file run00.txt (compact mmCIF, C-alpha atoms)
# COMPACT_ATOMS: atom_id res chain seq x y z
CA MET A 442 44.63 -44.72 -30.65
CA LYS A 443 41.85 -45.41 -28.20
CA ASP A 444 42.80 -42.28 -26.26
CA ILE A 445 42.47 -40.15 -29.35
CA GLN A 446 39.09 -41.70 -30.10
CA ALA A 447 37.96 -40.96 -26.53
CA GLU A 448 39.18 -37.41 -26.84
CA ILE A 449 37.25 -36.91 -30.08
CA ASN A 450 34.15 -38.41 -28.49
CA LYS A 451 34.51 -36.07 -25.53
CA GLY A 452 34.78 -33.16 -27.90
CA ARG A 453 31.67 -34.29 -29.74
CA ARG A 454 29.77 -34.75 -26.54
CA ALA A 455 30.78 -31.31 -25.30
CA PHE A 456 29.90 -29.80 -28.67
CA ILE A 457 26.45 -31.40 -28.73
CA LYS A 458 25.89 -30.38 -25.12
CA LYS A 459 26.76 -26.80 -25.89
CA VAL A 460 24.51 -26.71 -28.95
CA LEU A 461 21.64 -28.21 -26.96
CA GLU A 462 22.13 -25.74 -24.12
CA GLY A 463 22.11 -22.94 -26.64
CA THR A 464 18.86 -24.10 -28.21
CA ILE A 465 17.21 -24.59 -24.84
CA ALA A 466 18.28 -21.16 -23.70
CA GLY A 467 17.12 -19.72 -27.01
CA SER A 468 13.73 -21.36 -26.78
CA LEU A 469 13.34 -20.13 -23.21
CA LEU A 470 13.98 -16.60 -24.35
CA LEU A 471 11.26 -17.00 -26.96
CA VAL A 472 8.78 -18.30 -24.39
CA ILE A 473 9.16 -15.30 -22.06
CA PRO A 474 6.64 -12.66 -23.12
CA ALA A 475 8.48 -9.77 -24.69
CA GLY A 476 6.34 -7.18 -22.89
CA ALA A 477 7.90 -7.62 -19.48
CA MET A 478 11.45 -7.70 -20.68
CA ASP A 479 11.62 -4.38 -22.46
CA ILE A 480 10.77 -2.60 -19.20
CA PRO A 481 13.76 -1.97 -16.91
CA GLU A 482 13.99 -4.22 -13.91
CA GLN A 483 12.50 -2.79 -10.69
CA ILE A 484 13.85 -5.47 -8.36
CA THR A 485 17.52 -5.76 -9.27
CA GLY A 486 18.90 -9.20 -9.88
CA MET A 487 15.56 -10.92 -10.38
CA ARG A 488 16.11 -11.65 -14.04
CA GLU A 489 19.32 -13.51 -13.27
CA GLU A 490 17.45 -15.92 -11.00
CA ASP A 491 16.92 -19.22 -12.75
CA GLY A 492 15.52 -22.43 -11.40
CA PRO A 493 12.05 -23.09 -10.13
CA PHE A 494 12.25 -20.77 -7.12
CA ILE A 495 13.81 -17.51 -6.04
CA LYS A 496 16.96 -18.40 -4.14
CA LYS A 497 18.83 -15.25 -3.26
CA LYS A 498 15.98 -13.12 -2.00
CA LYS A 499 13.50 -13.29 0.84
CA PHE A 500 10.65 -10.92 0.20
CA ALA A 501 8.64 -8.97 2.72
CA PHE A 502 5.73 -6.62 2.26
CA ILE A 503 5.29 -3.57 4.44
CA VAL A 504 2.17 -1.44 4.54
CA ASP A 505 2.65 1.98 6.11
CA ILE A 506 -0.67 3.05 7.59
CA THR A 507 0.76 6.43 8.53
CA ARG A 508 1.23 7.17 4.84
CA CYS A 509 -1.87 5.68 3.23
CA ILE A 510 -4.26 8.32 1.91
CA GLY A 511 -6.94 5.85 0.87
CA CYS A 512 -6.92 6.84 -2.79
CA GLY A 513 -7.51 3.26 -3.85
CA SER A 514 -4.99 3.30 -6.68
CA CYS A 515 -3.71 -0.06 -5.43
CA CYS A 516 -7.19 -1.51 -5.78
CA VAL A 517 -7.53 -0.11 -9.29
CA ALA A 518 -4.17 -1.53 -10.36
CA ASP A 519 -5.04 -4.87 -8.85
CA LYS A 520 -8.38 -5.09 -10.60
CA ASN A 521 -6.71 -4.18 -13.90
CA GLU A 522 -3.90 -6.66 -13.46
CA TYR A 523 -6.10 -9.66 -12.76
CA ASN A 524 -9.48 -8.65 -14.20
CA VAL A 525 -10.97 -9.37 -10.80
CA PRO A 526 -14.76 -9.81 -11.11
CA ASP A 527 -16.90 -7.04 -9.59
CA GLY A 528 -17.66 -7.48 -5.94
CA HIS A 529 -14.49 -9.45 -5.24
CA TYR A 530 -11.22 -8.02 -4.04
CA ARG A 531 -7.72 -9.39 -3.97
CA THR A 532 -6.68 -6.26 -2.12
CA TRP A 533 -8.85 -3.63 -0.52
CA VAL A 534 -8.60 -0.57 1.69
CA GLU A 535 -10.55 -0.26 4.94
CA ARG A 536 -11.38 2.98 6.68
CA TYR A 537 -11.21 2.93 10.45
CA VAL A 538 -12.87 5.53 12.62
CA ILE A 539 -12.39 5.21 16.38
CA ASP A 540 -14.22 7.47 18.80
CA TYR A 541 -13.38 8.50 22.36
CA ASP A 542 -15.68 5.78 23.71
CA ASP A 543 -13.44 3.25 21.92
CA ASN A 544 -16.14 2.31 19.46
CA VAL A 545 -14.59 1.20 16.20
CA TYR A 546 -16.32 1.92 12.91
CA VAL A 547 -14.95 0.18 9.83
CA ASP A 548 -16.15 0.52 6.27
CA SER A 549 -14.82 -0.23 2.85
CA PRO A 550 -17.26 0.88 0.13
CA ASN A 551 -16.58 -1.25 -2.94
CA GLY A 552 -13.31 -2.31 -1.36
CA GLY A 553 -11.94 1.20 -1.78
CA LEU A 554 -11.92 0.67 -5.53
CA ASP A 555 -13.65 4.00 -6.14
CA GLY A 556 -11.66 5.73 -3.43
CA TYR A 557 -13.33 7.43 -0.52
CA GLN A 558 -15.56 10.26 -1.69
CA VAL A 559 -17.89 10.72 1.26
CA PRO A 560 -17.13 10.98 4.97
CA ARG A 561 -18.77 8.78 7.55
CA GLU A 562 -21.86 10.65 8.65
CA ASP A 563 -22.80 8.40 11.56
CA VAL A 564 -19.84 9.32 13.78
CA PRO A 565 -20.00 12.83 15.29
CA GLU A 566 -16.96 14.83 14.23
CA ALA A 567 -16.11 16.02 17.74
CA ASN A 568 -16.02 12.52 19.13
CA VAL A 569 -13.52 11.09 16.63
CA ARG A 570 -10.32 10.04 18.37
CA ASP A 571 -8.50 8.40 15.53
CA THR A 572 -9.14 7.69 11.88
CA PHE A 573 -6.94 6.01 9.30
CA PHE A 574 -6.89 3.70 6.29
CA VAL A 575 -5.74 0.10 6.39
CA PRO A 576 -4.89 -1.58 3.09
CA LYS A 577 -5.39 -5.33 3.23
CA LEU A 578 -3.90 -8.06 1.09
CA CYS A 579 -2.58 -11.60 1.39
CA ASN A 580 -0.41 -11.96 4.48
CA MET A 581 1.76 -14.68 2.89
CA CYS A 582 1.96 -16.54 6.17
CA GLU A 583 5.00 -18.60 6.98
CA LYS A 584 2.58 -21.14 8.41
CA PRO A 585 -0.43 -20.80 6.13
CA SER A 586 -3.62 -22.41 7.38
CA CYS A 587 -5.10 -22.33 3.86
CA VAL A 588 -2.41 -24.72 2.64
CA GLN A 589 -3.00 -27.03 5.56
CA VAL A 590 -6.71 -27.47 4.86
CA CYS A 591 -6.63 -27.84 1.07
CA PRO A 592 -7.79 -31.38 0.34
CA VAL A 593 -6.43 -31.56 -3.21
CA GLY A 594 -3.07 -29.83 -2.88
CA ALA A 595 -4.23 -26.87 -4.95
CA THR A 596 -3.03 -24.27 -2.48
CA TYR A 597 0.64 -24.52 -1.76
CA GLN A 598 3.61 -22.67 -0.38
CA THR A 599 6.57 -22.35 -2.69
CA ASP A 600 10.13 -22.70 -1.45
CA ASP A 601 10.53 -18.94 -1.81
CA GLY A 602 7.70 -18.29 0.63
CA PHE A 603 4.81 -17.41 -1.67
CA VAL A 604 1.43 -18.99 -1.04
CA LEU A 605 -0.16 -19.64 -4.41
CA ILE A 606 -3.16 -21.39 -5.91
CA ASP A 607 -3.10 -24.00 -8.65
CA GLN A 608 -5.99 -22.81 -10.81
CA LYS A 609 -6.19 -26.15 -12.63
CA ARG A 610 -6.38 -28.27 -9.53
CA CYS A 611 -8.66 -26.26 -7.24
CA VAL A 612 -12.14 -27.71 -6.86
CA ALA A 613 -13.54 -24.61 -5.13
CA CYS A 614 -14.53 -26.41 -1.95
CA SER A 615 -13.94 -23.15 -0.01
CA TYR A 616 -12.14 -24.77 2.90
CA CYS A 617 -9.28 -22.32 2.43
CA VAL A 618 -11.70 -19.39 2.29
CA GLN A 619 -12.92 -20.36 5.74
CA ALA A 620 -9.47 -21.21 7.08
CA CYS A 621 -7.83 -17.89 6.20
CA PRO A 622 -7.77 -15.74 9.36
CA TYR A 623 -7.42 -12.60 7.24
CA SER A 624 -10.33 -13.24 4.85
CA VAL A 625 -8.22 -12.59 1.79
CA ARG A 626 -9.60 -15.54 -0.16
CA PHE A 627 -12.71 -15.77 -2.28
CA ILE A 628 -14.20 -18.05 -4.90
CA ASN A 629 -13.70 -16.40 -8.26
CA PRO A 630 -17.02 -16.70 -10.12
CA VAL A 631 -15.29 -16.63 -13.52
CA THR A 632 -12.59 -19.25 -13.01
CA LYS A 633 -14.70 -21.14 -10.44
CA THR A 634 -11.64 -21.58 -8.24
CA ALA A 635 -10.33 -20.05 -5.06
CA ASP A 636 -8.47 -16.82 -5.69
CA LYS A 637 -6.41 -14.38 -3.67
CA CYS A 638 -3.59 -11.90 -3.80
CA THR A 639 -0.30 -13.48 -4.90
CA TRP A 640 1.93 -10.45 -4.24
CA CYS A 641 2.03 -10.42 -8.06
CA TYR A 642 4.25 -13.49 -8.25
CA HIS A 643 4.32 -13.31 -12.05
CA ARG A 644 5.57 -9.72 -11.95
CA VAL A 645 8.08 -10.33 -9.17
CA ARG A 646 9.61 -13.27 -11.01
CA LYS A 647 10.16 -11.01 -13.98
CA GLY A 648 11.78 -8.30 -11.89
CA LEU A 649 8.78 -5.98 -11.54
CA LEU A 650 7.23 -4.74 -8.31
CA PRO A 651 3.73 -5.89 -7.43
CA ALA A 652 1.15 -3.80 -9.31
CA CYS A 653 -0.15 -2.13 -6.14
CA VAL A 654 3.34 -1.20 -4.93
CA ASN A 655 4.16 0.19 -8.33
CA VAL A 656 1.19 2.58 -8.41
CA CYS A 657 1.07 3.73 -4.79
CA PRO A 658 1.64 7.51 -4.98
CA VAL A 659 2.69 7.93 -1.34
CA GLN A 660 4.81 4.79 -0.92
CA ALA A 661 2.49 3.34 1.66
CA ARG A 662 3.17 -0.08 0.20
CA LEU A 663 6.73 -1.31 0.20
CA PHE A 664 8.05 -4.54 -1.21
CA GLY A 665 11.62 -5.65 -0.86
CA ASP A 666 14.27 -8.18 -0.07
CA LEU A 667 15.11 -8.94 3.56
CA ASN A 668 18.43 -10.48 2.57
CA ASP A 669 19.56 -7.10 1.32
CA ARG A 670 20.59 -5.02 4.31
CA GLU A 671 20.44 -1.83 2.30
CA SER A 672 16.81 -2.32 1.34
CA GLN A 673 14.06 -0.13 2.71
CA VAL A 674 12.08 -3.08 4.10
CA TYR A 675 15.11 -4.44 5.95
CA ARG A 676 15.76 -1.03 7.45
CA ILE A 677 12.17 -0.52 8.57
CA LEU A 678 11.84 -4.01 10.02
CA HIS A 679 15.02 -3.59 12.03
CA GLU A 680 14.39 -0.09 13.29
CA PRO A 681 12.75 0.76 16.61
CA HIS A 682 9.44 1.25 14.85
CA VAL A 683 5.98 0.40 16.00
CA ILE A 684 5.62 -2.44 13.61
CA SER A 685 3.37 -5.41 13.80
CA VAL A 686 1.39 -8.04 12.00
CA LEU A 687 -2.33 -8.71 12.00
CA LYS A 688 -3.69 -11.27 14.47
CA PRO A 689 -0.33 -12.47 15.82
CA GLY A 690 -2.22 -14.79 18.17
CA MET A 691 -3.30 -16.96 15.26
CA GLY A 692 0.28 -18.16 14.92
CA ASN A 693 0.33 -17.90 11.14
CA LYS A 694 3.47 -15.75 11.12
CA PRO A 695 2.55 -13.34 8.32
CA SER A 696 5.24 -11.87 6.08
CA LEU A 697 3.06 -8.81 5.66
CA HIS A 698 3.99 -6.17 8.20
CA TYR A 699 2.27 -2.92 9.10
CA VAL A 700 3.82 0.32 10.21
CA GLY A 701 1.60 2.39 12.47
CA LEU A 702 -0.90 -0.37 13.17
CA ARG A 703 -3.41 0.31 15.95
CA ARG A 704 -4.48 -2.45 18.25
CA GLU A 705 -8.09 -2.01 17.16
CA VAL A 706 -7.26 -3.25 13.65
CA VAL A 707 -8.23 -6.81 12.90
CA MET B 826 -8.04 -88.29 15.31
CA GLN B 827 -9.52 -84.87 14.93
CA PRO B 828 -11.77 -84.30 11.99
CA SER B 829 -10.40 -81.89 9.38
CA TYR B 830 -12.55 -78.81 8.96
CA ARG B 831 -10.39 -77.49 6.17
CA SER B 832 -12.20 -77.39 2.88
CA LYS B 833 -10.74 -79.27 0.00
CA TYR B 834 -11.76 -76.49 -2.29
CA ASN B 835 -9.86 -73.17 -2.44
CA THR B 836 -11.48 -71.50 -5.44
CA HIS B 837 -13.10 -68.92 -3.19
CA VAL B 838 -9.69 -67.88 -1.85
CA ILE B 839 -8.25 -67.62 -5.34
CA ARG B 840 -11.30 -65.62 -6.40
CA ILE B 841 -10.78 -63.10 -3.61
CA ILE B 842 -7.06 -62.81 -4.35
CA VAL B 843 -7.72 -62.29 -8.05
CA ILE B 844 -10.33 -59.61 -7.30
CA LEU B 845 -7.95 -57.86 -4.90
CA VAL B 846 -5.08 -57.94 -7.41
CA VAL B 847 -7.33 -56.60 -10.15
CA LEU B 848 -8.59 -53.84 -7.86
CA ALA B 849 -5.05 -52.95 -6.82
CA ILE B 850 -3.88 -52.74 -10.42
CA ALA B 851 -6.94 -50.69 -11.37
CA GLY B 852 -6.32 -48.46 -8.36
CA ILE B 853 -2.70 -47.88 -9.29
CA GLY B 854 -3.76 -47.19 -12.88
CA VAL B 855 -6.42 -44.68 -11.88
CA ARG B 856 -4.03 -43.02 -9.45
CA ALA B 857 -1.39 -42.67 -12.15
CA MET B 858 -4.00 -41.17 -14.46
CA MET B 859 -5.49 -38.78 -11.93
CA ILE B 860 -2.35 -37.40 -10.30
CA PRO B 861 -0.50 -34.94 -12.52
CA GLU B 862 3.05 -35.82 -13.45
CA SER B 863 4.70 -32.94 -11.65
CA PHE B 864 2.71 -33.47 -8.45
CA GLY B 865 5.04 -33.83 -5.49
CA ARG B 866 8.09 -32.55 -7.32
CA TYR B 867 8.66 -29.78 -4.78
CA GLY B 868 5.98 -30.58 -2.22
CA HIS B 869 2.38 -31.62 -1.94
CA TYR B 870 1.31 -29.74 -5.06
CA ARG B 871 1.65 -29.76 -8.83
CA GLY B 872 5.12 -28.43 -9.61
CA GLU B 873 4.04 -27.05 -12.97
CA ALA B 874 1.55 -24.78 -11.19
CA VAL B 875 4.43 -22.49 -10.24
CA VAL B 876 5.28 -22.11 -13.93
CA ASP B 877 1.60 -21.45 -14.73
CA GLU B 878 1.47 -18.72 -12.11
CA MET B 879 4.74 -17.26 -13.32
CA ASN B 880 3.52 -17.04 -16.89
CA ARG B 881 0.38 -15.11 -16.02
CA GLU B 882 -0.06 -12.12 -18.31
CA ILE B 883 1.44 -8.86 -17.04
CA ARG B 884 -1.27 -6.28 -17.67
CA ASN B 885 0.06 -3.32 -15.74
CA GLY B 886 3.50 -2.24 -16.84
CA THR B 887 5.50 0.44 -15.10
CA ASN B 888 5.87 4.10 -15.96
CA ALA B 889 8.79 3.00 -18.13
CA SER B 890 6.39 1.17 -20.43
CA CYS B 891 4.49 4.39 -21.19
CA LEU B 892 7.15 7.07 -21.31
CA PRO B 893 9.19 6.13 -24.41
CA CYS B 894 6.17 6.90 -26.62
CA HIS B 895 4.98 9.96 -24.67
CA PRO B 896 8.11 12.12 -24.24
CA TYR B 897 6.19 15.40 -23.85
CA ILE B 898 3.99 14.01 -21.08
CA LYS B 899 7.12 12.55 -19.48
CA GLU B 900 8.81 15.92 -19.30
CA MET B 901 5.69 17.59 -17.93
CA HIS B 902 4.70 14.85 -15.49
CA PHE B 903 8.10 14.46 -13.87
CA SER B 904 8.70 18.18 -13.53
CA GLY B 905 5.54 18.56 -11.47
CA ILE B 906 4.39 17.57 -8.03
CA HIS B 907 2.40 14.63 -9.40
CA LYS B 908 5.55 12.75 -10.32
CA THR B 909 4.80 9.95 -7.84
CA VAL B 910 1.41 9.29 -9.43
CA SER B 911 1.66 6.32 -11.74
CA CYS B 912 0.45 6.61 -15.34
CA GLU B 913 -1.69 3.52 -15.10
CA PHE B 914 -3.66 4.60 -12.06
CA CYS B 915 -5.54 7.23 -14.06
CA HIS B 916 -5.22 5.83 -17.58
CA GLY B 917 -5.59 2.08 -17.14
CA PRO B 918 -3.31 -0.86 -17.79
CA VAL B 919 -0.80 -0.77 -20.63
CA ALA B 920 -2.01 -4.18 -21.82
CA ALA B 921 -5.32 -2.60 -22.85
CA HIS B 922 -3.38 -0.15 -25.02
CA ILE B 923 -0.38 -2.02 -26.41
CA GLN B 924 -0.11 -5.67 -27.39
CA ASP B 925 3.05 -7.06 -28.99
CA GLY B 926 4.40 -3.59 -29.58
CA LYS B 927 1.29 -2.39 -31.43
CA VAL B 928 -1.42 0.00 -30.34
CA ILE B 929 -4.61 -2.00 -30.06
CA ASP B 930 -6.91 0.51 -28.40
CA LYS B 931 -7.03 3.97 -26.92
CA LEU B 932 -7.18 4.21 -23.18
CA PRO B 933 -10.26 6.04 -21.95
CA LYS B 934 -9.64 9.64 -20.94
CA LYS B 935 -11.38 10.94 -17.86
CA GLN B 936 -13.16 14.23 -18.42
CA GLY B 937 -15.58 16.58 -16.75
CA GLU B 938 -17.10 15.35 -13.52
CA ALA B 939 -15.16 12.11 -13.75
CA ILE B 940 -11.91 14.01 -13.48
CA LYS B 941 -13.17 15.84 -10.40
CA THR B 942 -14.03 12.52 -8.79
CA LEU B 943 -10.59 11.22 -9.72
CA CYS B 944 -8.79 14.20 -8.16
CA LEU B 945 -10.88 14.03 -5.01
CA ARG B 946 -9.88 10.42 -4.43
CA CYS B 947 -6.65 11.83 -3.02
CA HIS B 948 -7.30 15.52 -2.35
CA ASN B 949 -10.66 15.53 -0.58
CA GLN B 950 -10.23 17.23 2.77
CA ILE B 951 -13.59 16.05 4.01
CA ILE B 952 -12.27 12.49 4.27
CA ARG B 953 -10.66 12.71 7.68
CA ALA B 954 -8.73 9.47 7.66
CA ARG B 955 -5.74 10.93 5.83
CA PRO B 956 -2.43 11.21 7.66
CA ARG B 957 -1.67 14.58 9.19
CA GLU B 958 1.38 15.30 7.09
CA SER B 959 0.41 14.41 3.65
CA ILE B 960 -0.48 15.78 0.27
CA LYS B 961 -2.38 18.99 -0.38
CA MET B 962 -6.04 18.73 0.59
CA VAL B 963 -8.90 20.86 -0.65
CA GLU B 964 -12.45 21.25 0.48
CA MET B 965 -14.96 21.39 -2.32
CA PRO B 966 -16.71 23.65 -3.20
CA LYS B 967 -14.96 25.98 -0.72
CA HIS B 968 -11.77 25.85 -2.79
CA LEU B 969 -13.64 27.09 -5.87
CA GLU B 970 -15.21 29.90 -3.87
CA ASP B 971 -11.85 30.90 -2.36
CA LYS B 972 -10.25 31.04 -5.77
CA LYS B 973 -13.20 33.04 -7.12
CA VAL B 974 -13.99 30.68 -9.98
CA GLY B 975 -17.29 29.23 -11.13
CA ILE B 976 -18.79 26.66 -8.81
CA ASP B 977 -19.17 24.21 -11.71
CA HIS B 978 -15.51 24.34 -12.64
CA THR B 979 -13.69 21.04 -12.91
CA CYS B 980 -10.18 20.69 -11.50
CA ASP B 981 -8.47 20.38 -14.87
CA GLN B 982 -9.70 23.82 -15.92
CA CYS B 983 -7.06 25.41 -13.69
CA HIS B 984 -4.72 22.53 -12.93
CA ASN B 985 -2.84 20.57 -15.50
CA VAL B 986 -3.45 17.02 -14.30
CA HIS B 987 0.17 16.01 -14.95
CA ALA B 988 1.81 19.04 -13.37
CA PRO B 989 -0.88 20.59 -11.18
CA LEU B 990 0.86 23.85 -10.50
CA MET B 991 2.26 24.42 -13.98
CA TRP B 992 -0.57 26.57 -15.32
CA VAL B 993 -1.12 28.20 -11.96
CA LYS B 994 2.52 29.25 -11.81
CA GLN B 995 2.47 30.41 -15.45
CA ALA B 996 -0.67 32.43 -14.83
CA LYS B 997 0.82 33.99 -11.73
CA ALA B 998 3.98 34.90 -13.65
CA MET B 999 1.96 36.50 -16.41
CA MET B 1000 -0.63 38.21 -14.23
CA GLY B 1001 1.46 39.31 -11.27
CA VAL B 1002 -0.89 42.24 -10.84
CA VAL B 1003 -3.89 40.02 -10.31
CA GLU B 1004 -2.26 38.25 -7.42
CA GLU B 1005 -1.38 41.54 -5.73
CA GLU B 1006 -4.96 42.65 -6.07
CA ALA B 1007 -6.11 39.46 -4.47
CA LYS B 1008 -3.80 40.06 -1.51
CA GLN B 1009 -5.15 43.53 -0.79

call {"tool": "encode", "arguments": {"input": "run00.txt", "output": "structure tokens"}}
result
Amino acid sequence: MKDIQAEINKGRRAFIKKVLEGTIAGSLLLVIPAGAMDIPEQITGMREEDGPFIKKKKFAFIVDITRCIGCGSCCVADKNEYNVPDGHYRTWVERYVIDYDDNVYVDSPNGGLDGYQVPREDVPEANVRDTFFVPKLCNMCEKPSCVQVCPVGATYQTDDGFVLIDQKRCVACSYCVQACPYSVRFINPVTKTADKCTWCYHRVRKGLLPACVNVCPVQARLFGDLNDRESQVYRILHEPHVISVLKPGMGNKPSLHYVGLRREVV
Amino acid sequence: MQPSYRSKYNTHVIRIIVILVVLAIAGIGVRAMMIPESFGRYGHYRGEAVVDEMNREIRNGTNASCLPCHPYIKEMHFSGIHKTVSCEFCHGPVAAHIQDGKVIDKLPKKQGEAIKTLCLRCHNQIIRARPRESIKMVEMPKHLEDKKVGIDHTCDQCHNVHAPLMWVKQAKAMMGVVEEEAKQ
């Protein structure tokens, strides 16, 4: 008799559990904004990831300087995605001009947001040895100095390797702005907090590529999973390429890699 | 016998202990109030912040968010050489156009000089920093002179912005004679 009772109870428990799971799953589906979900996934398998962090993938970002044409579409997409206030840039494109005397001229009018419409007049054409565009964004360091210096725990590194900012906790003390060796951080005058490129964490978690990667017309920006041996980023990072990171001497171990980087680039 | 220096009274000690206990309790209380609940769940940060970041509004979609409603543009755009150019680069983010499946506003259309500026972001030969093997570059106004068109022409008068060579090819097919004349 007792056994039967226990069995019934087990059944009830299982039933209630199942119902609850169903409702929780249902409510979760309602919470997710419909907009992202009706677009096909760009990073396969991302929408199956559940739990607080991405488990199966390790993302890397590659910028191919040999491909970048400096059109600034990445900057435009970025500004649109985040409504970045004028004069501040989460990502920007620098133009390098190096002459035969090894003088380096760098400029980035409006962060490359309007593209490059005029040539540099101050460097004589005949003396130009090398000239190229360098897109800059958050390096997503494995050892981020910005996280180390934050006094309130507002800047943090997630278990999946993204360095993010807690907009509710940041007190805008600017320690992180000073600590970042790559100058990717700024104090957002609208939110009054520190702000920087997040590699579009919100898009990535919903299976979409970062906004800048998505719009790049020449595939100078690549974003992919290093755990997937078939992926383009894995292939490039394991090929005999000239590939490097910015300021390796700082010891921050960036996850942002450059193809075709010159040693003059800082 | 040594004289006892110990005071018979200990109220001052009790007072200090009471003050310390009160301060400790107040401290614990304030700490509990000030530190968010999810702080320290995954590390030295507020765990819920990850969820906040994840739920940020997606303003740029992908080409797939535009194409279902614009089938004609889709056909034209992806048949041409501009197929790698994203819709939202020129037209703006989909979130400014569609919200909850409804059209909320028209996206601004670039025209006239603005379209010339837009084209020259990528195709301006005078900007030397482009890679050697890359997209087609033109020098303005030399290109207009070479093609024997008015110097004030905008790019979209000859080139369909979605499929740049579509009209050019059509015109060449129709006016084969003209091209031969130009060669001579």

call {"tool": "closest_atom_pairs", "arguments": {"input": "run00.txt", "of": "range 946-1002 of chain B", "to": "range 919-941 of chain B", "cutoff": "10 Å", "atoms": "only C-alpha atoms", "output": "Markdown table"}}
result
| residue | atom | partner | partner_atom | distance |
| --- | --- | --- | --- | --- |
| B:Arg946 | CA | B:Lys941 | CA | 8.7 |
| B:His948 | CA | B:Lys941 | CA | 10.0 |
| B:Met965 | CA | B:Lys941 | CA | 10.0 |
| B:Asp977 | CA | B:Glu938 | CA | 9.3 |
| B:His978 | CA | B:Gly937 | CA | 8.8 |
| B:Thr979 | CA | B:Lys941 | CA | 5.8 |
| B:Cys980 | CA | B:Lys941 | CA | 5.8 |
| B:Asp981 | CA | B:Ile940 | CA | 7.4 |
| B:Gln982 | CA | B:Gly937 | CA | 9.4 |
| B:Val986 | CA | B:Ile940 | CA | 9.0 |

call {"tool": "atom_distance", "arguments": {"input": "run00.txt", "atom1": "CA of Tyr597 in chain A", "atom2": "CA of Lys637 in chain A"}}
result
12.5 Å

call {"tool": "residues_around", "arguments": {"input": "run00.txt", "residues": "range 882-896 of chain B", "least_positions_apart": "6", "cutoff": "10 Å", "atoms": "only C-alpha atoms", "output": "count of residues only"}}
result
39

call {"tool": "atom_distance", "arguments": {"input": "run00.txt", "atom1": "CA of Glu705 in chain A", "atom2": "CA of Val545 in chain A"}}
result
7.3 Å

call {"tool": "closest_residue", "arguments": {"input": "run00.txt", "among": "B:Pro828, B:Pro989, B:Gly865, B:Gly854", "to": "chain A", "atoms": "only C-alpha atoms"}}
result
B:Gly865

call {"tool": "closest_residue", "arguments": {"input": "run00.txt", "among": "B:Ile839, B:Leu848, B:Met879, B:Ile860", "to": "Arg646 in chain A", "atoms": "all atoms listed in the file"}}
result
B:Met879

call {"tool": "atom_distance", "arguments": {"input": "run00.txt", "atom1": "CA of Cys611 in chain A", "atom2": "CA of Thr634 in chain A"}}
result
5.6 Å

call {"tool": "closest_residue", "arguments": {"input": "run00.txt", "among": "A:Lys584, A:Arg610, A:Arg488, A:Arg531", "to": "chain B", "atoms": "only C-alpha atoms"}}
result
A:Arg610

call {"tool": "closest_residue", "arguments": {"input": "run00.txt", "among": "A:Gly594, A:Pro585, A:Phe494, A:Asp527", "to": "chain B", "atoms": "only C-alpha atoms"}}
result
A:Gly594

call {"tool": "residues_near_point", "arguments": {"input": "run00.txt", "point": "(-1.4, -28.6, -11.5)", "cutoff": "9 Å", "atoms": "only C-alpha atoms", "output": "PyMOL selection string"}}
result
(chain A and resi 594-595+607-611) or (chain B and resi 860-864+870-875+877)

call {"tool": "closest_residue", "arguments": {"input": "run00.txt", "among": "B:Met858, B:Val974, B:Ile952, B:Ile841", "to": "chain A", "atoms": "all atoms listed in the file"}}
result
B:Ile952

call {"tool": "closest_residue", "arguments": {"input": "run00.txt", "among": "A:Cys582, A:Val686, A:Val645, A:Val707", "to": "chain B", "atoms": "all atoms listed in the file"}}
result
A:Val645

call {"tool": "residues_around", "arguments": {"input": "run00.txt", "residues": "Asp571 in chain A", "least_positions_apart": "4", "cutoff": "8 Å", "atoms": "all atoms listed in the file", "output": "list in words"}}
result
Tyr537, Val538, Ile539 and Asp540 of chain A; Ala954 of chain B

call {"tool": "build_atoms", "arguments": {"input": "run00.txt", "residues": "range 676-683 of chain A", "atoms": "N, CA and C atoms", "output": "compact mmCIF listing (two decimals), in the frame of the given file"}}
result
# COMPACT_ATOMS: atom_id res chain seq x y z
N ARG A 676 15.52 -2.15 6.55
CA ARG A 676 15.76 -1.03 7.45
C ARG A 676 14.54 -0.82 8.37
N ILE A 677 13.37 -0.78 7.77
CA ILE A 677 12.17 -0.52 8.57
C ILE A 677 11.92 -1.65 9.57
N LEU A 678 12.12 -2.89 9.13
CA LEU A 678 11.84 -4.01 10.02
C LEU A 678 12.87 -4.14 11.14
N HIS A 679 14.00 -3.48 10.99
CA HIS A 679 15.02 -3.59 12.03
C HIS A 679 15.24 -2.28 12.76
N GLU A 680 14.31 -1.36 12.58
CA GLU A 680 14.39 -0.09 13.29
C GLU A 680 13.45 -0.14 14.49
N PRO A 681 13.70 0.72 15.49
CA PRO A 681 12.75 0.76 16.61
C PRO A 681 11.44 1.43 16.19
N HIS A 682 10.70 0.75 15.35
CA HIS A 682 9.44 1.25 14.85
C HIS A 682 8.31 0.56 15.59
N VAL A 683 7.16 1.17 15.59
CA VAL A 683 5.98 0.40 16.00
C VAL A 683 5.56 -0.39 14.78
